[in-house]
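K.L.:
Let me give you the structure first, and then I'll get to my questions.
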Amino acid sequence: MGGRVWLVRLASLLALGLVLASVDASLGDVDPQYRTCVEECQTTGVIGENIISHCKSQENQNDTSGGGSWYTQEQWKQLKCKADCRYFCMMQIEGERESLGLNPVKYHGKWPFLHVSVFQEPLSAALSAINLLMHFTSWLSFFLLVKNKLPLRPQTRRTYYEYTSLWHIYAMLSMNAWFWSTIFHTRDIDLTEKLDYSAAVALLGYSLILSLIRTFNVKDEATRVMFAAPILAFVTTHILYLNFYELDYGWNMKVCVVMAVVQLLTWAIWAGVTRHPSRLKLWIVVFGGALAMLLELYDFPPYMGYADAHSLWHASTIPLTYLWWSFIKDDAEFRTSTLIKKAK
Ligand SMILES: [Zn+2]
């Protein structure tokens with residue numbers, strides 16, 4: 001009996017989740033006015049005073065004079081036509097909504113952003129590029145510190161710091177994630193979206209492994225593999241699922257939030273118990289990171305058409321990245337001096 005009651009409760013909870021997820025999908029693009037607008041625009045190439053040139057070419061579809069590249073060219077034009085029509089219809093309806101005193105709504109899962117030249121979300125794209133730059137310069141300074149400034153082990157010529165190569169990999173994955181984030185916020189198509197999501201999941205999964213290895217002081221290879229293997233297996237499966245089965249935003253959000261919360265908690269607990277000289281920096285990064293995550297969860301529409309919660313989240317990670325790498329460099333110095341003292 002009890003089991004059946006729980007099953008019913010679980011099922012209704014799942015059903016409620018599905019309903020909420022579908023409502024959350026996008027209010028803007030289910031509006032019939034928007035749909036008619038996009039359809040008309042795609043067939044006529046005209047919207048208000050704007051003429052969309054890529055849509056006009058559909059009249060000459062029987063003209064096969066281009067040869068092999070004609071098909072791909074035509075496909076590209078159709079994609080551009082669809083994207084431009086969606087943008088102009090969204091802006092037209094949003095203008096009407098604003099004059100009626102209504103709040104903005106999302107279209108195809110996104111807030112109505114004002115484009116700047118080729119950039120779809122100019123602020124998020126620019127901030128992603130700055131994050132990329134911040135990781136690059138910080139990693140470079142970490143690299144110079146461990147290679148040139150700190151002493152190396154006399155026999156092997158390797159660093160005393162046991163986590164050097166792990167942080168190098170972290171830097172590569174971070175730069176990779178911010179690179180695809182910059183591209184995705186510039187042009188949101190199926191491919192750039194999948195690359196951005198995959199790179200972000202890979203970075204989150206890897207930094208979870210790293211947080212466990214560092215806080216539990218795991219030094220030998222076998223134990224490191226034991227920590228890494230289950231997370232690596234899960235993250236790989238999840239990335240394959242997103243790319244080749246279904247890009248499920250709700251599920252992906254849950255996976256990312258869990259991975260982020262677990263590593264923030266891991267670092268927070270460690271920062272509470274350790275005697276590490278730079279634990280204050282760690283505290284600020286963990287606390288700031290948690291606050292920044294709230295921005296990602298409490299989504300609000302773009303202010304002046306540019307600054308939404310997501311772009312502010314990308315802004316907040318810039319100073320946090322600087323402080324984070326500063327902690328990593330402190331950690332390398334601290335571990336090196338401890339190990340040298342021990343060796344004497
Ligand atoms: Zn982003």
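By order of appearance in the structure tokens: chains A, B, ..., then residues from 1 within every chain, and ligands from 1 in the order shown.
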What does the list of residues within 7 Å of ligand 1 look like if you count only C-alpha atoms and all ligand atoms, written as number ranges by chain?
P.N.:
A: 124, 181, 185, 310-311, 314
K.L.:
With N, CA and C atoms retained, write the just-selected residues as a compact mmCIF listing (two decimals), in the first residue's frame.
P.N.:
```
# COMPACT_ATOMS: atom_id res chain seq x y z
N SER A 124 27.07 39.63 -23.06
CA SER A 124 27.54 38.31 -22.62
C SER A 124 28.74 37.85 -23.45
N SER A 181 31.74 29.90 -25.10
CA SER A 181 30.72 30.80 -24.57
C SER A 181 30.69 32.09 -25.39
N HIS A 185 27.36 33.18 -27.53
CA HIS A 185 26.63 34.43 -27.30
C HIS A 185 26.69 35.35 -28.52
N HIS A 310 22.09 36.58 -16.74
CA HIS A 310 23.17 35.74 -17.25
C HIS A 310 24.43 36.56 -17.54
N SER A 311 24.25 37.76 -18.13
CA SER A 311 25.42 38.58 -18.44
C SER A 311 26.08 39.11 -17.16
N HIS A 314 28.25 36.47 -15.87
CA HIS A 314 29.53 36.44 -16.58
C HIS A 314 30.44 37.58 -16.12
```
K.L.:
If we count only C-alpha atoms and set the cut-off at 8 Å, which residues sit around Met90 in chain A, ignoring sequence neighbours fewer than 6 positions away in its own chain? Please answer as a list in words.
P.N.:
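Near neighbours after the sequence-gap exclusion: Gly28, Tyr34, Tyr107 and Pro112 of chain A.
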K.L.:
In Å, how far is it from CA of Ile47 in chain A to CA of Phe113 in chain A?
P.N.:
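Spanning CA of Ile47 in chain A to CA of Phe113 in chain A is a straight-line distance of 18.4 Å.
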K.L.:
Quick one, how far is CA of Glu221 in chain A from CA of Val146 in chain A?
P.N.:
20.8 Å
K.L.:
Quick one: pull the distance between CA of Trp180 in chain A and CA of Ala292 in chain A, Å, one decimal.
P.N.:
20.1 Å
K.L.:
Give me, as a PyMOL selection string, the residues of range 103-185 of chain A that a backbone DSSP run labels strand (DSSP E or B).
P.N.:
chain A and resi 107+110+116+119+152+159
K.L.:
Env of range 192-205 of chain A: 9 Å cut, atoms = only C-alpha atoms, seq-sep filter 3 positions within chain, self excluded. Answer as number ranges by chain.
P.N.:
A: 170, 173-174, 176-185, 187-189, 208-210, 231-232, 234-236, 238-240, 242-243, 247, 252, 255-256, 259-260, 263
K.L.:
Just checking: using only C-alpha atoms, which residue out of A:Glu333, A:Ala171, A:His54, A:Leu212 ends up closest to Met134 in chain A?
P.N.:
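The closest residue to Met134 in chain A is A:Ala171.
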K.L.:
I need the residues in range 52-222 of chain A that are alpha helix (DSSP H) according to DSSP; give them as a tab-separated table (two decimals) with C-alpha atoms, in the first residue's frame.
P.N.:
```
chain	number	residue	atom	x	y	z
A	53	SER	CA	17.10	39.99	-48.52
A	54	HIS	CA	17.89	36.33	-47.66
A	55	CYS	CA	14.19	35.47	-47.71
A	56	LYS	CA	13.58	37.02	-51.14
A	69	SER	CA	27.53	24.83	-53.75
A	70	TRP	CA	24.08	26.16	-54.62
A	71	TYR	CA	22.32	23.84	-52.18
A	72	THR	CA	24.45	24.74	-49.16
A	73	GLN	CA	24.28	28.43	-50.08
A	74	GLU	CA	20.50	28.20	-50.22
A	75	GLN	CA	20.37	26.39	-46.88
A	76	TRP	CA	22.53	29.09	-45.32
A	77	LYS	CA	20.25	31.82	-46.71
A	78	GLN	CA	17.19	30.06	-45.32
A	79	LEU	CA	18.81	29.82	-41.89
A	80	LYS	CA	19.66	33.54	-41.99
A	81	CYS	CA	16.15	34.36	-43.18
A	82	LYS	CA	14.59	32.41	-40.31
A	83	ALA	CA	16.90	33.98	-37.71
A	84	ASP	CA	16.32	37.52	-39.01
A	85	CYS	CA	12.53	37.05	-39.20
A	86	ARG	CA	12.46	35.72	-35.64
A	87	TYR	CA	14.49	38.71	-34.46
A	88	PHE	CA	12.40	41.38	-36.21
A	89	CYS	CA	9.08	39.78	-35.19
A	90	MET	CA	10.27	39.50	-31.59
A	91	MET	CA	11.33	43.16	-31.57
A	92	GLN	CA	8.05	44.27	-33.13
A	93	ILE	CA	5.93	42.36	-30.58
A	94	GLU	CA	8.15	43.40	-27.68
A	95	GLY	CA	7.72	47.04	-28.75
A	96	GLU	CA	3.95	46.61	-28.69
A	97	ARG	CA	4.11	44.85	-25.31
A	98	GLU	CA	6.23	47.67	-23.88
A	99	SER	CA	3.76	50.35	-25.04
A	122	PRO	CA	26.80	41.57	-27.19
A	123	LEU	CA	27.32	42.03	-23.45
A	124	SER	CA	27.54	38.31	-22.62
A	125	ALA	CA	29.85	37.75	-25.61
A	126	ALA	CA	32.21	40.57	-24.56
A	127	LEU	CA	32.23	39.44	-20.91
A	128	SER	CA	32.94	35.84	-21.97
A	129	ALA	CA	35.94	37.08	-23.97
A	130	ILE	CA	37.21	39.00	-20.92
A	131	ASN	CA	36.82	35.85	-18.78
A	132	LEU	CA	38.85	33.94	-21.37
A	133	LEU	CA	41.57	36.60	-21.26
A	134	MET	CA	41.55	36.58	-17.45
A	135	HIS	CA	42.10	32.80	-17.36
A	136	PHE	CA	44.86	33.08	-19.95
A	137	THR	CA	46.88	35.79	-18.15
A	138	SER	CA	46.36	34.12	-14.75
A	139	TRP	CA	47.42	30.73	-16.08
A	140	LEU	CA	50.49	32.32	-17.70
A	141	SER	CA	51.50	33.85	-14.39
A	142	PHE	CA	50.92	30.48	-12.61
A	143	PHE	CA	53.02	28.77	-15.30
A	144	LEU	CA	55.90	31.25	-14.82
A	164	THR	CA	50.73	21.55	-11.10
A	165	SER	CA	49.58	19.45	-14.06
A	166	LEU	CA	46.02	19.27	-12.71
A	167	TRP	CA	45.82	23.10	-12.73
A	168	HIS	CA	47.29	23.22	-16.26
A	169	ILE	CA	44.44	20.98	-17.46
A	170	TYR	CA	41.99	23.15	-15.50
A	171	ALA	CA	43.29	26.25	-17.33
A	172	MET	CA	42.86	24.57	-20.75
A	173	LEU	CA	39.28	23.48	-19.96
A	174	SER	CA	38.43	26.95	-18.60
A	175	MET	CA	39.75	28.72	-21.68
A	176	ASN	CA	37.95	26.20	-23.90
A	177	ALA	CA	34.65	26.82	-22.06
A	178	TRP	CA	34.93	30.64	-22.27
A	179	PHE	CA	35.94	30.45	-25.93
A	180	TRP	CA	32.75	28.54	-26.83
A	181	SER	CA	30.72	30.80	-24.57
A	182	THR	CA	31.98	33.82	-26.56
A	183	ILE	CA	31.04	32.11	-29.85
A	184	PHE	CA	27.64	30.97	-28.56
A	185	HIS	CA	26.63	34.43	-27.30
A	186	THR	CA	27.72	35.86	-30.65
A	190	ASP	CA	22.32	24.41	-32.69
A	191	LEU	CA	26.04	23.64	-33.10
A	192	THR	CA	27.41	26.56	-31.05
A	193	GLU	CA	24.88	25.88	-28.32
A	194	LYS	CA	25.92	22.22	-28.02
A	195	LEU	CA	29.62	23.15	-28.01
A	196	ASP	CA	29.04	25.76	-25.29
A	197	TYR	CA	27.01	23.40	-23.09
A	198	SER	CA	29.47	20.52	-23.56
A	199	ALA	CA	32.49	22.69	-22.73
A	200	ALA	CA	30.77	24.07	-19.61
A	201	VAL	CA	29.79	20.58	-18.37
A	202	ALA	CA	33.33	19.28	-18.98
A	203	LEU	CA	34.79	22.18	-16.98
A	204	LEU	CA	32.31	21.76	-14.11
A	205	GLY	CA	32.92	18.00	-13.92
A	206	TYR	CA	36.69	18.39	-14.02
A	207	SER	CA	36.74	21.12	-11.37
A	208	LEU	CA	34.60	18.88	-9.13
A	209	ILE	CA	37.23	16.12	-9.44
A	210	LEU	CA	39.98	18.67	-8.78
A	211	SER	CA	38.24	20.05	-5.67
A	212	LEU	CA	38.00	16.53	-4.19
A	213	ILE	CA	41.62	15.64	-5.06
A	214	ARG	CA	43.00	18.87	-3.60
A	215	THR	CA	40.90	19.03	-0.42
A	221	GLU	CA	47.82	8.10	-8.98
A	222	ALA	CA	45.68	5.09	-8.06
```
